[in-house]
Amino acid sequence: MRKRIVAGNWKMHKTVDEATALVNDLKSRVKDVSHVEIVVCPAFTALSAVADAIQGSNIRLAAQNMHWENEGAYTGEVSPVMLKDLGCTYVILGHSERRAYFGETDEIVNKKVKAALAGGLLPIICVGETLEVREEGKTEEVVTRQTKGALDGIDAAQAEGIVIAYEPVWAIGTGRTASAEEANRVIRIIRSVVAEIFDPKIAHEMRIQYGGSVKPNNAGELFSQSDIDGALVGGASLSASDFAAIVKA
Ligand code: 13P
């Protein structure tokens, strides 16, 4: 049985004080939850404070991005070693906003996936099609390419713990969700690609989340699908009550 994973991507929101207040509020709301893995992904500046706040709790920490080198002359970047040092368990890689605004290609995402695994971090790899791609009928082709690209050169022994997030770009921050059946359909395609890359057992065990306008009122339907193993939540994760409601859904 795959343990569901619900992660809150706070994106570029929350000062240190705000982030601490949010996670403390969340902590008390989800303290009795043990059947779902709960992850928060604050901005780099708040990682340390949130790490302190969640010590001994059932909430895990993730970063939203990282560089693929452990150190060096890369002004403005943060390395896997630094994230591990702060207590991160996960790191989001290849989010569509990074692909769209910061030029991240499948090749860059792949370098980051390799670096995360080498550094003891579990990647949450984001894939998903734009509206244009969807309308051209190329969703399957694009998510297949992104999945294969991200996982290129990773061997089966390293695959355990990797999480994939299917986030259709047209559903992010727009209030438009993919229907639960459609999200499930694409996630099943991604799972079959994972089976092709590794083997059916790894594909069966890999957790694949849905992301894109997940809210308390649609989470239950999404999570009732056979292959949706949780959510990567943006906007609604900025409210402790909404995020806790999604976790409990
Ligand atoms: P929203 O939940 O705000 O649509 O964002 C989804 C997302 O991009 C999570 O990574």
# chains A, B, ... in the order shown; residues from 1 in each chain; ligands from 1
call {"tool": "select_by_dssp", "arguments": {"residues": "region 154-249 of chain A", "states": "strand (DSSP E or B)", "output": "ChimeraX atom specification"}}
result
/A:163-166,207-211,230-233
call {"tool": "residues_around", "arguments": {"residues": "Gly56 (chain A)", "least_positions_apart": "5", "cutoff": "12 Å", "atoms": "only C-alpha atoms", "output": "JSON, numbers by chain"}}
result
{"A": [27, 31, 51]}
call {"tool": "residues_around", "arguments": {"residues": "Ser79 (chain A)", "least_positions_apart": "5", "cutoff": "7 Å", "atoms": "only C-alpha atoms", "output": "ChimeraX atom specification"}}
result
/A:66-71
call {"tool": "closest_atom_pairs", "arguments": {"of": "chain A", "to": "ligand 1", "cutoff": "8 Å", "atoms": "only C-alpha atoms and all ligand atoms", "output": "Markdown table"}}
result
| residue | atom | partner | partner_atom_place_in_ligand_line | distance |
| --- | --- | --- | --- | --- |
| A:Gly8 | CA | ligand 1 | 9 (C) | 7.2 |
| A:Asn9 | CA | ligand 1 | 10 (O) | 5.2 |
| A:Lys11 | CA | ligand 1 | 10 (O) | 7.6 |
| A:His95 | CA | ligand 1 | 10 (O) | 6.6 |
| A:Ser96 | CA | ligand 1 | 8 (O) | 7.4 |
| A:Glu97 | CA | ligand 1 | 8 (O) | 7.6 |
| A:Cys126 | CA | ligand 1 | 10 (O) | 8.0 |
| A:Glu167 | CA | ligand 1 | 8 (O) | 6.8 |
| A:Val169 | CA | ligand 1 | 8 (O) | 7.8 |
| A:Ala171 | CA | ligand 1 | 4 (O) | 6.0 |
| A:Ile172 | CA | ligand 1 | 4 (O) | 3.4 |
| A:Gly173 | CA | ligand 1 | 4 (O) | 3.5 |
| A:Thr174 | CA | ligand 1 | 4 (O) | 6.2 |
| A:Gly175 | CA | ligand 1 | 4 (O) | 6.7 |
| A:Gly211 | CA | ligand 1 | 6 (C) | 5.1 |
| A:Gly212 | CA | ligand 1 | 4 (O) | 3.8 |
| A:Ser213 | CA | ligand 1 | 4 (O) | 3.5 |
| A:Val214 | CA | ligand 1 | 2 (O) | 5.1 |
| A:Lys215 | CA | ligand 1 | 2 (O) | 7.3 |
| A:Leu232 | CA | ligand 1 | 9 (C) | 4.9 |
| A:Val233 | CA | ligand 1 | 2 (O) | 4.3 |
| A:Gly234 | CA | ligand 1 | 2 (O) | 3.4 |
| A:Gly235 | CA | ligand 1 | 3 (O) | 3.7 |
| A:Ala236 | CA | ligand 1 | 2 (O) | 6.0 |
| A:Ser237 | CA | ligand 1 | 2 (O) | 7.5 |
call {"tool": "closest_residue", "arguments": {"among": "A:Ile202, A:Ala231, A:Ala159, A:Glu140", "to": "Arg188 (chain A)", "atoms": "only C-alpha atoms"}}
result
A:Glu140
call {"tool": "closest_residue", "arguments": {"among": "A:Leu61, A:Leu222, A:Val33, A:Val247", "to": "Thr177 (chain A)", "atoms": "only C-alpha atoms"}}
result
A:Leu222
call {"tool": "select_by_dssp", "arguments": {"residues": "region 7-229 of chain A", "states": "alpha helix (DSSP H)", "output": "ChimeraX atom specification"}}
result
/A:16-30,44-53,80-85,96-101,106-118,131-135,139-151,180-197,200-205,216-223
call {"tool": "closest_residue", "arguments": {"among": "A:Ala219, A:Ala195, A:Ile92, A:Ala240", "to": "Ala183 (chain A)", "atoms": "only C-alpha atoms"}}
result
A:Ala219
call {"tool": "atom_distance", "arguments": {"atom1": "CA of Val142 (chain A)", "atom2": "CA of Glu129 (chain A)"}}
result
6.4 Å
call {"tool": "residues_around", "arguments": {"residues": "Ser226 (chain A)", "least_positions_apart": "6", "cutoff": "10 Å", "atoms": "only C-alpha atoms", "output": "ChimeraX atom specification"}}
result
/A:181,184-185,187-188
